[in-house]
file model_15.cif (mmCIF, C-alpha atoms)
data_target
loop_
_atom_site.label_atom_id
_atom_site.label_comp_id
_atom_site.auth_asym_id
_atom_site.auth_seq_id
_atom_site.Cartn_x
_atom_site.Cartn_y
_atom_site.Cartn_z
CA MET R 1 68.64 76.72 152.74
CA ASP R 2 68.75 76.70 148.97
CA TRP R 3 71.60 78.96 147.89
CA LYS R 4 70.74 78.69 144.21
CA GLY R 5 70.43 82.14 142.73
CA PHE R 6 71.62 83.89 145.91
CA ALA R 7 74.73 85.45 144.35
CA GLU R 8 72.74 86.57 141.33
CA ARG R 9 70.12 88.19 143.58
CA VAL R 10 72.77 90.01 145.62
CA ASN R 11 74.55 91.30 142.55
CA ALA R 12 71.31 92.48 140.97
CA ASP R 13 70.22 94.23 144.19
CA ARG R 14 70.20 98.00 143.67
CA LEU R 15 70.48 98.67 147.40
CA VAL R 16 73.61 96.54 147.68
CA ALA R 17 75.08 98.30 144.65
CA ARG R 18 74.24 101.76 146.06
CA HIS R 19 75.23 101.28 149.70
CA GLY R 20 77.81 98.55 149.33
CA ALA R 21 80.03 100.56 147.00
CA GLY R 22 83.54 100.29 148.39
CA SER R 23 82.69 97.46 150.78
CA SER R 24 85.08 94.53 150.68
CA PHE R 25 85.06 91.80 153.31
CA ASP R 26 85.01 88.05 153.84
CA VAL R 27 82.34 86.73 156.20
CA LEU R 28 81.93 83.17 157.39
CA LEU R 29 78.37 82.16 158.21
CA LYS R 30 78.20 79.14 160.49
CA TRP R 31 74.73 77.59 160.45
CA GLY R 32 74.82 74.75 162.91
CA THR R 33 77.19 72.28 161.27
CA GLU R 34 77.15 74.07 157.90
CA GLU R 35 79.67 76.72 156.87
CA HIS R 36 79.27 79.29 154.11
CA LEU R 37 81.99 81.72 153.10
CA LEU R 38 80.98 84.95 151.35
CA ARG R 39 83.63 87.01 149.64
CA VAL R 40 82.39 90.54 148.93
CA ARG R 41 84.49 92.90 146.83
CA GLU R 42 83.44 96.48 146.10
CA GLY R 43 79.87 95.66 146.99
CA ARG R 44 79.64 92.58 144.77
CA LEU R 45 79.40 89.02 145.99
CA GLU R 46 82.47 87.82 144.18
CA ASP R 47 82.58 84.30 145.58
CA LEU R 48 80.33 82.02 147.61
CA ARG R 49 81.70 78.73 148.87
CA HIS R 50 80.21 76.10 151.09
CA GLY R 51 82.19 74.12 153.70
CA PRO R 52 83.24 72.27 155.62
CA PHE R 53 86.45 74.29 155.61
CA VAL R 54 89.80 73.76 157.27
CA MET R 55 90.93 77.02 158.89
CA PRO R 56 88.90 79.28 156.59
CA ARG R 57 90.23 82.77 156.06
CA CYS R 58 87.70 85.48 156.86
CA ASP R 59 87.40 88.93 158.43
CA PHE R 60 84.62 87.97 160.80
CA ALA R 61 82.22 85.12 161.42
CA LEU R 62 78.59 84.94 162.42
CA THR R 63 77.81 81.74 164.26
CA GLY R 64 74.35 80.45 165.12
CA SER R 65 72.24 77.35 165.18
CA ALA R 66 70.59 76.08 162.02
CA ASP R 67 67.25 76.94 163.58
CA ALA R 68 68.26 80.54 164.33
CA TRP R 69 69.44 81.12 160.76
CA ALA R 70 66.37 79.44 159.32
CA ARG R 71 64.14 81.80 161.30
CA PHE R 72 66.25 84.76 160.22
CA ALA R 73 66.04 83.75 156.55
CA ARG R 74 62.29 83.24 156.41
CA PRO R 75 60.73 85.42 153.67
CA GLN R 76 58.60 87.09 156.33
CA PRO R 77 60.47 86.74 159.61
CA ALA R 78 58.53 86.70 162.84
CA PRO R 79 58.67 89.86 164.98
CA ARG R 80 62.17 90.29 166.39
CA ASP R 81 63.67 87.71 164.01
CA GLN R 82 64.25 90.32 161.30
CA ASP R 83 67.81 91.42 162.17
CA ILE R 84 71.02 89.74 163.30
CA PHE R 85 71.23 92.18 166.24
CA ALA R 86 68.03 90.67 167.62
CA PHE R 87 69.80 87.30 167.59
CA PHE R 88 72.88 88.91 169.17
CA ARG R 89 70.75 90.14 172.05
CA ARG R 90 69.25 86.69 172.63
CA GLY R 91 72.64 85.01 172.29
CA GLU R 92 71.45 82.98 169.31
CA ILE R 93 73.99 84.34 166.83
CA ALA R 94 77.48 85.48 167.85
CA LEU R 95 79.98 87.73 166.12
CA ALA R 96 83.69 86.88 166.20
CA GLY R 97 86.68 88.31 164.39
CA ASP R 98 87.39 91.84 163.24
CA THR R 99 84.64 93.87 164.91
CA ARG R 100 85.82 97.09 163.29
CA LYS R 101 85.39 95.60 159.87
CA PHE R 102 81.96 94.30 160.83
CA TYR R 103 80.83 97.80 161.81
CA ALA R 104 82.48 99.42 158.81
CA HIS R 105 80.63 97.12 156.40
CA GLN R 106 77.54 96.45 158.44
CA LEU R 107 75.16 98.20 156.05
CA CYS R 108 76.41 96.26 153.04
CA LEU R 109 76.41 93.01 155.03
CA LYS R 110 72.81 93.45 156.15
CA LEU R 111 71.68 94.27 152.62
CA VAL R 112 73.49 91.18 151.34
CA LEU R 113 71.92 88.99 154.02
CA ALA R 114 68.47 90.36 153.18
CA ASN R 115 68.77 88.40 149.97
CA LEU R 116 68.62 85.18 151.96
CA ARG R 117 64.92 85.93 151.98
CA ALA R 118 63.84 84.79 148.60
CA ALA R 119 60.86 87.11 148.63
CA GLY R 120 63.28 89.98 149.00
CA ALA R 121 61.84 91.45 152.21
CA ALA R 122 64.03 94.25 153.52
CA LEU R 123 65.99 93.95 156.74
CA MET Z 1 53.62 122.37 138.91
CA SER Z 2 51.72 121.57 142.07
CA ALA Z 3 53.04 122.49 145.50
CA ALA Z 4 51.85 121.93 149.02
CA LEU Z 5 52.85 124.13 151.92
CA GLU Z 6 52.90 122.06 155.11
CA PRO Z 7 51.24 123.42 158.26
CA VAL Z 8 54.48 122.85 160.18
CA THR Z 9 56.46 125.85 161.40
CA GLY Z 10 60.04 125.74 162.67
CA ARG Z 11 61.65 128.22 165.04
CA TYR Z 12 64.63 128.62 167.33
CA VAL Z 13 64.53 129.41 171.01
CA ARG Z 14 67.53 130.47 173.08
CA PHE Z 15 67.83 129.79 176.78
CA GLU Z 16 70.35 129.15 179.51
CA PHE Z 17 70.76 125.64 180.81
CA GLU Z 18 73.33 124.39 183.31
CA GLY Z 19 75.18 127.68 182.92
CA ARG Z 20 75.46 127.47 179.13
CA ALA Z 21 73.65 129.25 176.33
CA LEU Z 22 71.60 126.94 174.12
CA ARG Z 23 70.07 127.50 170.69
CA VAL Z 24 67.32 124.93 170.28
CA TYR Z 25 65.26 124.21 167.19
CA PHE Z 26 61.63 123.15 167.43
CA GLU Z 27 58.70 122.54 165.14
CA GLU Z 28 55.01 122.73 165.78
CA ALA Z 29 51.61 122.40 164.15
CA GLY Z 30 48.00 122.37 165.28
CA GLN Z 31 46.13 123.86 168.15
CA GLY Z 32 44.61 122.72 171.40
CA ILE Z 33 46.15 120.49 174.03
CA PRO Z 34 49.94 120.71 173.83
CA LEU Z 35 51.63 117.43 172.88
CA LEU Z 36 55.39 117.59 173.43
CA CYS Z 37 57.30 114.98 171.40
CA LEU Z 38 60.79 113.62 172.18
CA HIS Z 39 62.84 111.96 169.43
CA THR Z 40 65.01 108.84 169.65
CA ALA Z 41 68.77 108.61 170.23
CA GLY Z 42 70.88 109.98 167.41
CA SER Z 43 67.95 111.40 165.47
CA ASP Z 44 65.80 114.52 165.50
CA THR Z 45 62.38 116.13 165.24
CA ARG Z 46 61.82 114.96 161.67
CA GLN Z 47 60.73 111.63 163.14
CA PHE Z 48 57.44 113.33 163.98
CA ARG Z 49 56.81 114.68 160.46
CA GLY Z 50 53.78 112.41 160.04
CA LEU Z 51 52.22 113.47 163.31
CA LEU Z 52 52.82 117.17 162.59
CA ASN Z 53 51.07 116.78 159.25
CA ASP Z 54 48.12 114.67 160.37
CA ALA Z 55 44.97 116.71 160.83
CA ARG Z 56 43.40 113.91 162.85
CA VAL Z 57 45.91 114.88 165.55
CA THR Z 58 46.50 118.58 164.94
CA ASP Z 59 42.79 119.45 164.88
CA ARG Z 60 42.76 118.88 168.61
CA TYR Z 61 46.39 118.93 169.70
CA ARG Z 62 49.21 121.44 169.37
CA VAL Z 63 52.07 119.11 168.43
CA ILE Z 64 55.52 120.40 169.39
CA ALA Z 65 58.84 118.62 168.91
CA PHE Z 66 62.34 119.91 169.62
CA ASP Z 67 65.79 118.77 168.62
CA LEU Z 68 67.93 118.04 171.64
CA PRO Z 69 71.12 120.13 171.69
CA TRP Z 70 73.74 118.48 169.40
CA HIS Z 71 70.89 116.97 167.30
CA GLY Z 72 69.16 117.99 164.09
CA LYS Z 73 69.18 121.77 163.68
CA SER Z 74 69.90 122.55 167.34
CA SER Z 75 73.44 123.71 167.95
CA PRO Z 76 75.84 122.05 170.31
CA PRO Z 77 76.81 124.43 173.12
CA GLU Z 78 79.80 126.68 172.63
CA GLY Z 79 83.01 124.82 173.34
CA TRP Z 80 81.68 121.49 172.07
CA GLN Z 81 84.91 120.85 170.29
CA TYR Z 82 86.66 120.28 173.62
CA GLU Z 83 84.26 117.75 175.09
CA GLU Z 84 82.67 114.38 174.49
CA TYR Z 85 78.88 114.44 174.31
CA ARG Z 86 77.22 112.16 176.87
CA LEU Z 87 73.55 112.38 177.78
CA THR Z 88 72.56 111.70 181.39
CA SER Z 89 69.21 111.30 183.13
CA ALA Z 90 69.63 114.56 185.02
CA THR Z 91 70.57 116.57 181.95
CA TYR Z 92 67.83 115.09 179.78
CA THR Z 93 65.16 115.66 182.43
CA GLY Z 94 66.33 119.22 182.96
CA LEU Z 95 66.40 119.93 179.24
CA VAL Z 96 62.78 118.89 178.76
CA LEU Z 97 61.64 121.12 181.62
CA ALA Z 98 63.86 124.03 180.54
CA PHE Z 99 62.49 123.86 176.99
CA MET Z 100 58.94 123.89 178.32
CA ARG Z 101 59.68 126.98 180.37
CA ALA Z 102 61.49 128.65 177.48
CA ILE Z 103 58.47 128.50 175.17
CA GLY Z 104 55.88 128.90 177.94
CA LEU Z 105 54.46 125.41 177.67
CA GLN Z 106 52.20 124.50 180.58
CA LYS Z 107 51.02 121.02 181.47
CA PRO Z 108 51.53 119.33 178.09
CA VAL Z 109 51.06 115.71 177.26
CA VAL Z 110 54.61 114.44 176.80
CA MET Z 111 55.35 111.61 174.39
CA GLY Z 112 58.85 110.25 173.91
CA CYS Z 113 60.27 107.35 171.95
CA SER Z 114 63.17 105.05 172.94
CA ILE Z 115 65.48 107.36 174.94
CA GLY Z 116 62.47 109.69 174.91
CA GLY Z 117 60.34 106.85 176.23
CA ARG Z 118 62.93 106.12 178.88
CA ILE Z 119 63.07 109.73 180.10
CA CYS Z 120 59.28 109.73 180.24
CA LEU Z 121 59.65 107.32 183.15
CA ASN Z 122 61.85 109.78 185.02
CA LEU Z 123 59.51 112.65 184.19
CA ALA Z 124 56.70 110.55 185.66
CA LEU Z 125 58.77 109.79 188.74
CA ALA Z 126 60.00 113.28 189.53
CA HIS Z 127 57.80 115.77 187.69
CA ALA Z 128 54.43 114.12 187.02
CA HIS Z 129 52.57 117.22 188.18
CA GLU Z 130 54.04 119.14 185.23
CA PHE Z 131 52.24 116.91 182.72
CA ARG Z 132 48.67 116.21 181.72
CA ALA Z 133 49.56 112.68 180.65
CA ILE Z 134 52.67 110.74 179.66
CA ILE Z 135 53.02 108.45 176.64
CA GLY Z 136 56.07 106.21 176.49
CA LEU Z 137 56.81 104.80 173.05
CA GLN Z 138 59.24 101.88 173.15
CA SER Z 139 59.55 102.72 176.83
CA ALA Z 140 61.17 100.45 179.40
CA ALA Z 141 63.14 100.96 182.59
CA ASN Z 142 66.30 99.37 181.22
CA THR Z 143 67.78 97.78 178.12
CA PRO Z 144 70.63 95.31 178.52
CA ARG Z 145 73.68 96.18 176.46
CA TYR Z 146 73.96 93.83 173.50
CA TYR Z 147 76.39 95.72 171.25
CA ASP Z 148 79.33 98.04 171.74
CA PRO Z 149 78.58 101.59 170.51
CA ALA Z 150 82.25 102.58 170.76
CA TRP Z 151 82.68 101.38 167.17
CA LEU Z 152 80.27 104.07 165.99
CA THR Z 153 83.00 106.68 166.57
CA HIS Z 154 86.02 104.68 165.43
CA PRO Z 155 88.12 106.71 162.96
CA GLU Z 156 88.09 103.82 160.49
CA VAL Z 157 84.31 103.40 160.60
CA ASN Z 158 81.86 105.80 158.95
CA GLY Z 159 79.86 106.47 162.10
CA GLN Z 160 76.80 107.83 160.37
CA VAL Z 161 76.44 104.87 158.01
CA ALA Z 162 77.21 102.44 160.83
CA SER Z 163 74.61 104.12 163.05
CA ALA Z 164 71.96 103.74 160.38
CA ALA Z 165 72.98 100.12 159.81
CA THR Z 166 72.78 99.43 163.54
CA VAL Z 167 69.17 100.65 163.79
CA MET Z 168 67.80 99.60 160.39
CA GLY Z 169 66.62 96.20 161.57
CA LEU Z 170 64.65 97.68 164.46
CA MET Z 171 61.80 98.53 162.11
CA CYS Z 172 59.04 96.28 160.87
CA PRO Z 173 60.14 95.00 157.43
CA GLU Z 174 56.63 95.70 156.17
CA SER Z 175 56.65 99.37 157.13
CA PRO Z 176 56.65 101.54 153.99
CA GLU Z 177 60.05 101.53 152.31
CA ALA Z 178 60.12 105.31 151.86
CA GLU Z 179 59.42 105.93 155.55
CA ARG Z 180 62.02 103.37 156.67
CA TRP Z 181 64.73 104.92 154.54
CA GLU Z 182 63.74 108.45 155.60
CA THR Z 183 64.21 107.25 159.18
CA LEU Z 184 67.67 105.94 158.29
CA TRP Z 185 68.57 109.18 156.53
CA HIS Z 186 68.15 111.05 159.81
CA TYR Z 187 70.68 108.68 161.41
CA MET Z 188 73.05 109.18 158.52
CA GLN Z 189 72.96 112.93 159.25
CA GLY Z 190 73.75 112.76 162.95
CA GLY Z 191 76.77 114.53 164.37
CA PRO Z 192 79.84 112.45 165.16
CA GLY Z 193 79.54 110.72 168.52
CA VAL Z 194 76.01 111.96 169.19
CA PHE Z 195 74.21 108.62 168.83
CA ARG Z 196 76.87 107.02 171.01
CA GLY Z 197 76.47 109.82 173.56
CA ASP Z 198 72.73 109.23 173.72
CA LEU Z 199 73.33 105.51 174.17
CA PHE Z 200 75.26 106.31 177.35
CA PHE Z 201 71.90 107.33 178.78
CA TYR Z 202 70.06 104.40 177.16
CA GLN Z 203 72.53 101.67 178.06
CA VAL Z 204 74.23 102.93 181.23
CA ASP Z 205 72.94 105.98 183.10
CA GLY Z 206 69.18 105.77 182.56
CA ASP Z 207 68.37 102.65 184.51
CA PHE Z 208 65.08 103.12 186.37
CA ARG Z 209 64.48 99.55 187.47
CA GLY Z 210 63.46 99.49 191.09
CA ARG Z 211 62.18 103.05 190.91
CA VAL Z 212 59.31 102.86 188.45
CA LYS Z 213 57.07 101.30 191.10
CA ASP Z 214 56.95 104.78 192.66
CA ILE Z 215 55.26 106.33 189.62
CA ASP Z 216 51.85 107.66 190.61
CA THR Z 217 49.53 107.47 187.61
CA ARG Z 218 46.87 109.35 189.56
CA VAL Z 219 48.97 112.48 189.11
CA ALA Z 220 49.60 111.89 185.39
CA PRO Z 221 48.28 108.84 183.54
CA TYR Z 222 51.02 106.74 181.92
CA TYR Z 223 50.50 104.98 178.60
CA PHE Z 224 52.93 102.50 177.05
CA LEU Z 225 52.86 101.88 173.29
CA THR Z 226 55.41 99.40 171.97
CA GLY Z 227 55.92 98.05 168.47
CA GLU Z 228 56.10 94.28 168.30
CA TYR Z 229 59.15 94.21 165.98
CA ASP Z 230 61.36 96.11 168.43
CA TYR Z 231 64.06 93.89 169.93
CA SER Z 232 65.83 96.79 171.66
CA CYS Z 233 62.88 97.83 173.79
CA SER Z 234 60.93 94.64 173.28
CA PRO Z 235 57.30 94.02 174.21
CA GLU Z 236 58.62 91.89 177.10
CA ASP Z 237 60.79 94.78 178.35
CA THR Z 238 57.82 97.12 178.30
CA GLN Z 239 55.49 94.60 179.89
CA GLU Z 240 57.97 94.04 182.70
CA THR Z 241 58.17 97.78 183.38
CA ALA Z 242 54.44 98.39 183.07
CA ALA Z 243 53.68 95.53 185.46
CA ASN Z 244 55.46 97.51 188.18
CA ILE Z 245 53.42 100.68 187.69
CA ARG Z 246 49.97 100.63 189.21
CA GLY Z 247 47.41 102.04 186.78
CA ALA Z 248 49.69 102.15 183.74
CA LYS Z 249 48.11 101.21 180.43
CA LEU Z 250 49.92 99.18 177.80
CA ARG Z 251 49.32 98.36 174.18
CA ILE Z 252 51.58 96.30 171.91
CA MET Z 253 51.37 97.65 168.38
CA LYS Z 254 51.24 95.12 165.56
CA LYS Z 255 53.35 95.61 162.44
CA LEU Z 256 55.44 98.38 164.00
CA GLY Z 257 58.98 98.50 165.35
CA HIS Z 258 61.25 100.81 167.30
CA PHE Z 259 60.37 104.01 165.39
CA PRO Z 260 56.58 103.82 165.10
CA MET Z 261 55.96 107.52 164.41
CA SER Z 262 58.62 107.61 161.70
CA GLU Z 263 58.66 104.15 160.09
CA ASN Z 264 54.89 104.09 159.53
CA PRO Z 265 53.29 107.38 160.60
CA ARG Z 266 49.82 106.52 159.34
CA ALA Z 267 49.61 103.21 161.18
CA PHE Z 268 51.05 104.83 164.30
CA VAL Z 269 48.52 107.64 164.38
CA GLY Z 270 45.81 104.99 164.19
CA GLU Z 271 47.22 103.50 167.39
CA LEU Z 272 47.66 106.88 169.06
CA LEU Z 273 44.27 108.46 168.40
CA PRO Z 274 42.27 106.44 170.96
CA LEU Z 275 44.76 107.51 173.65
CA LEU Z 276 44.57 111.14 172.63
CA GLU Z 277 40.79 110.98 172.73
CA GLU Z 278 40.88 109.42 176.19
CA ILE Z 279 43.31 112.06 177.45
CA ALA Z 280 41.23 114.90 176.01
CA ALA Z 281 38.04 113.45 177.48
CA ALA Z 282 39.63 113.20 180.93
CA GLY Z 283 40.02 116.98 180.91
#
call {"tool": "encode", "arguments": {"input": "model_15.cif", "output": "structure tokens"}}
result
Amino acid sequence: MDWKGFAERVNADRLVARHGAGSSFDVLLKWGTEEHLLRVREGRLEDLRHGPFVMPRCDFALTGSADAWARFARPQPAPRDQDIFAFFRRGEIALAGDTRKFYAHQLCLKLVLANLRAAGAAL
Amino acid sequence: MSAALEPVTGRYVRFEFEGRALRVYFEEAGQGIPLLCLHTAGSDTRQFRGLLNDARVTDRYRVIAFDLPWHGKSSPPEGWQYEEYRLTSATYTGLVLAFMRAIGLQKPVVMGCSIGGRICLNLALAHAHEFRAIIGLQSAANTPRYYDPAWLTHPEVNGQVASAATVMGLMCPESPEAERWETLWHYMQGGPGVFRGDLFFYQVDGDFRGRVKDIDTRVAPYYFLTGEYDYSCSPEDTQETAANIRGAKLRIMKKLGHFPMSENPRAFVGELLPLLEEIAAAG
């Protein structure tokens, strides 16, 4: 995954700006052996850091294999690879941490993650 | 300024159900064979706006859709403030039949999506003789629980936004943006706890595995239509259910997800028309 330009895409995304207003959370994405920590404040991706981390501080984490995340992040995902809940159902990505915060900021999170798809396909 | 008056009319009907007075909103358009449409969990009749406005359907079918009590423009029953809304198989089945009686609807084709597709299985099991044909959209006998809907009513979570976020990925990403966001808007307007209450039926009470084999498609033909992008009622879930029903017909719809009639009405009608022609030809 090439993260170059990701933060810029998120912060230029009108949907994130519109629906992420007021959303602040820290999410750790674990992609196989890789770790990526996204710090969102008021609907803006304020900081993006790449691990490995020692005891990273986050509100919740999404953990999956490198293959699962790669399929999720494809510009045009295959049927039923288009949403993290599809991966939840298959047990390929797991949520851990503050579930309330995940639900509270789920819309902003999904709009942020949509920007992993360079082509900008919607979730 | 140009304006276009739609052919859709909306009305209310009042009737008694389970000892309580209901005020139920419904919309209709077209003439001919009645086609009764059932919306998904946490949403309402607006999901069928494309169907109600498509002359390819309404030239031959009288399309009718109603908002379940607590949904859309239907009222919750008096005293709702003292109770938690939870939909059950028995209540949902009874509501469909009571609505049909209330507006004098005889032997319609019934078509439901998601929870509507699930209840279609029970209608086929217990009341097939009341229907000309049954069309289950995103219809399967069971869906394993893969998320906890309790968070949708947590006081520190905006339930309407969270509900929309929970379902947004069920659609095909290539469905028209305007239709996808219209579909989400309906979820953002749901009453508090209503989506969760519908999911009690979808995730817990409405499990028809082991019973669907008793559906007799000679009484009412059963058609399954499932969008390939749906991971909640997946093509595999539908195929597993359909395989247990002798005579059931199944089609997996390309480039559609969990809300076919709402996320891409034009593409969906293209899938539906051959079925409607077959049903009409069967007499």
call {"tool": "atom_distance", "arguments": {"input": "model_15.cif", "atom1": "atom CA of Pro265 of chain Z", "atom2": "atom CA of Arg145 of chain Z"}}
result
28.2 Å
call {"tool": "residues_near_point", "arguments": {"input": "model_15.cif", "point": "(76.5, 83.8, 170.9)", "cutoff": "12 Å", "atoms": "only C-alpha atoms", "output": "list in words"}}
result
Lys30, Ala61, Leu62, Thr63, Gly64, Ser65, Ala68, Ile84, Phe85, Ala86, Phe87, Phe88, Arg89, Arg90, Gly91, Glu92, Ile93, Ala94, Leu95 and Ala96 of chain R; Tyr146 and Tyr147 of chain Z
call {"tool": "resolve_selection", "arguments": {"input": "model_15.cif", "expression": "the PyMOL selection byres ((chain Z) within 6 of (chain R))", "output": "PDB file with C-alpha atoms, in the frame of the given file"}}
result
ATOM      1  CA  TYR Z 146      73.960  93.830 173.500  1.00  0.00           C
ATOM      2  CA  VAL Z 157      84.310 103.400 160.600  1.00  0.00           C
ATOM      3  CA  ALA Z 162      77.210 102.440 160.830  1.00  0.00           C
ATOM      4  CA  ALA Z 165      72.980 100.120 159.810  1.00  0.00           C
ATOM      5  CA  GLY Z 169      66.620  96.200 161.570  1.00  0.00           C
ATOM      6  CA  PRO Z 173      60.140  95.000 157.430  1.00  0.00           C
ATOM      7  CA  TYR Z 229      59.150  94.210 165.980  1.00  0.00           C
ATOM      8  CA  TYR Z 231      64.060  93.890 169.930  1.00  0.00           C
TER       9      TYR Z 231
END
call {"tool": "residues_around", "arguments": {"input": "model_15.cif", "residues": "segment 34-50 of chain R", "least_positions_apart": "3", "cutoff": "12 Å", "atoms": "all atoms listed in the file", "output": "VMD selection string"}}
result
chain R and resid 1 to 31 53 to 67 69 105 to 113 115
call {"tool": "closest_residue", "arguments": {"input": "model_15.cif", "among": "Z:Ala102, Z:Pro221, Z:Val110, Z:Pro235", "to": "Ile279 of chain Z", "atoms": "all atoms listed in the file"}}
result
Z:Pro221
call {"tool": "resolve_selection", "arguments": {"input": "model_15.cif", "expression": "the PyMOL selection byres ((chain Z and resi 210) around 12)", "output": "CSV table (one decimal) with C-alpha atoms, keeping the file's coordinate frame"}}
result
chain,number,residue,atom,x,y,z
Z,121,LEU,CA,59.6,107.3,183.2
Z,125,LEU,CA,58.8,109.8,188.7
Z,140,ALA,CA,61.2,100.4,179.4
Z,141,ALA,CA,63.1,101.0,182.6
Z,142,ASN,CA,66.3,99.4,181.2
Z,207,ASP,CA,68.4,102.6,184.5
Z,208,PHE,CA,65.1,103.1,186.4
Z,209,ARG,CA,64.5,99.6,187.5
Z,211,ARG,CA,62.2,103.0,190.9
Z,212,VAL,CA,59.3,102.9,188.4
Z,213,LYS,CA,57.1,101.3,191.1
Z,214,ASP,CA,57.0,104.8,192.7
Z,215,ILE,CA,55.3,106.3,189.6
Z,240,GLU,CA,58.0,94.0,182.7
Z,241,THR,CA,58.2,97.8,183.4
Z,243,ALA,CA,53.7,95.5,185.5
Z,244,ASN,CA,55.5,97.5,188.2
Z,245,ILE,CA,53.4,100.7,187.7
call {"tool": "atom_distance", "arguments": {"input": "model_15.cif", "atom1": "atom CA of Ala267 of chain Z", "atom2": "atom CA of Val161 of chain Z"}}
result
27.1 Å
call {"tool": "atom_distance", "arguments": {"input": "model_15.cif", "atom1": "atom CA of Leu137 of chain Z", "atom2": "atom CA of Tyr61 of chain Z"}}
result
17.9 Å
call {"tool": "resolve_selection", "arguments": {"input": "model_15.cif", "expression": "the PyMOL selection byres ((chain Z and resi 254) around 12)", "output": "list of chain:residue names"}}
result
R:Ala78, R:Pro79, R:Arg80, Z:Met171, Z:Cys172, Z:Glu174, Z:Ser175, Z:Leu225, Z:Thr226, Z:Gly227, Z:Glu228, Z:Tyr229, Z:Asp230, Z:Pro235, Z:Arg251, Z:Ile252, Z:Met253, Z:Lys255, Z:Leu256, Z:Gly257, Z:His258, Z:Pro260, Z:Asn264, Z:Ala267, Z:Phe268, Z:Gly270, Z:Glu271
call {"tool": "closest_residue", "arguments": {"input": "model_15.cif", "among": "Z:Ala248, Z:Leu97, Z:Leu152, Z:Ile64", "to": "Arg11 of chain Z", "atoms": "all atoms listed in the file"}}
result
Z:Ile64
call {"tool": "axis_aligned_box", "arguments": {"input": "model_15.cif", "around": "segment 108-124 of chain Z", "padding_each_side": "3 Å", "output": "JSON"}}
result
{"center_x": 58.3, "center_y": 112.2, "center_z": 178.8, "size_x": 20.4, "size_y": 20.3, "size_z": 19.7}
call {"tool": "residues_around", "arguments": {"input": "model_15.cif", "residues": "Arg60 of chain Z", "least_positions_apart": "5", "cutoff": "9 Å", "atoms": "only C-alpha atoms", "output": "ChimeraX atom specification"}}
result
/Z:30-33,55,276,280
call {"tool": "closest_residue", "arguments": {"input": "model_15.cif", "among": "Z:Phe259, Z:Phe15, Z:Trp185, Z:Phe48", "to": "Gln138 of chain Z", "atoms": "only C-alpha atoms"}}
result
Z:Phe259
call {"tool": "closest_residue", "arguments": {"input": "model_15.cif", "among": "Z:His154, Z:Arg132, Z:Ser234, Z:Val167", "to": "Gly283 of chain Z", "atoms": "all atoms listed in the file"}}
result
Z:Arg132
call {"tool": "decode", "arguments": {"input": "model_15.cif", "residues": "segment 47-61 of chain R", "atoms": "C-alpha atoms", "output": "mmCIF file, in the first residue's frame"}}
result
data_model
loop_
_atom_site.group_PDB
_atom_site.id
_atom_site.type_symbol
_atom_site.label_atom_id
_atom_site.label_comp_id
_atom_site.auth_asym_id
_atom_site.auth_seq_id
_atom_site.Cartn_x
_atom_site.Cartn_y
_atom_site.Cartn_z
ATOM 1 C CA ASP R 47 -1.652 12.691 11.803
ATOM 2 C CA LEU R 48 -0.726 9.451 10.064
ATOM 3 C CA ARG R 49 2.112 7.365 11.441
ATOM 4 C CA HIS R 50 3.437 3.997 10.443
ATOM 5 C CA GLY R 51 4.717 1.379 12.923
ATOM 6 C CA PRO R 52 5.942 -0.796 14.330
ATOM 7 C CA PHE R 53 4.725 0.773 17.560
ATOM 8 C CA VAL R 54 5.296 -0.105 21.190
ATOM 9 C CA MET R 55 1.968 0.020 23.038
ATOM 10 C CA PRO R 56 0.305 2.465 20.632
ATOM 11 C CA ARG R 57 -2.437 4.627 22.060
ATOM 12 C CA CYS R 58 -5.698 4.380 20.133
ATOM 13 C CA ASP R 59 -9.467 4.273 20.632
ATOM 14 C CA PHE R 60 -9.971 1.128 18.612
ATOM 15 C CA ALA R 61 -8.061 -1.125 16.255
#
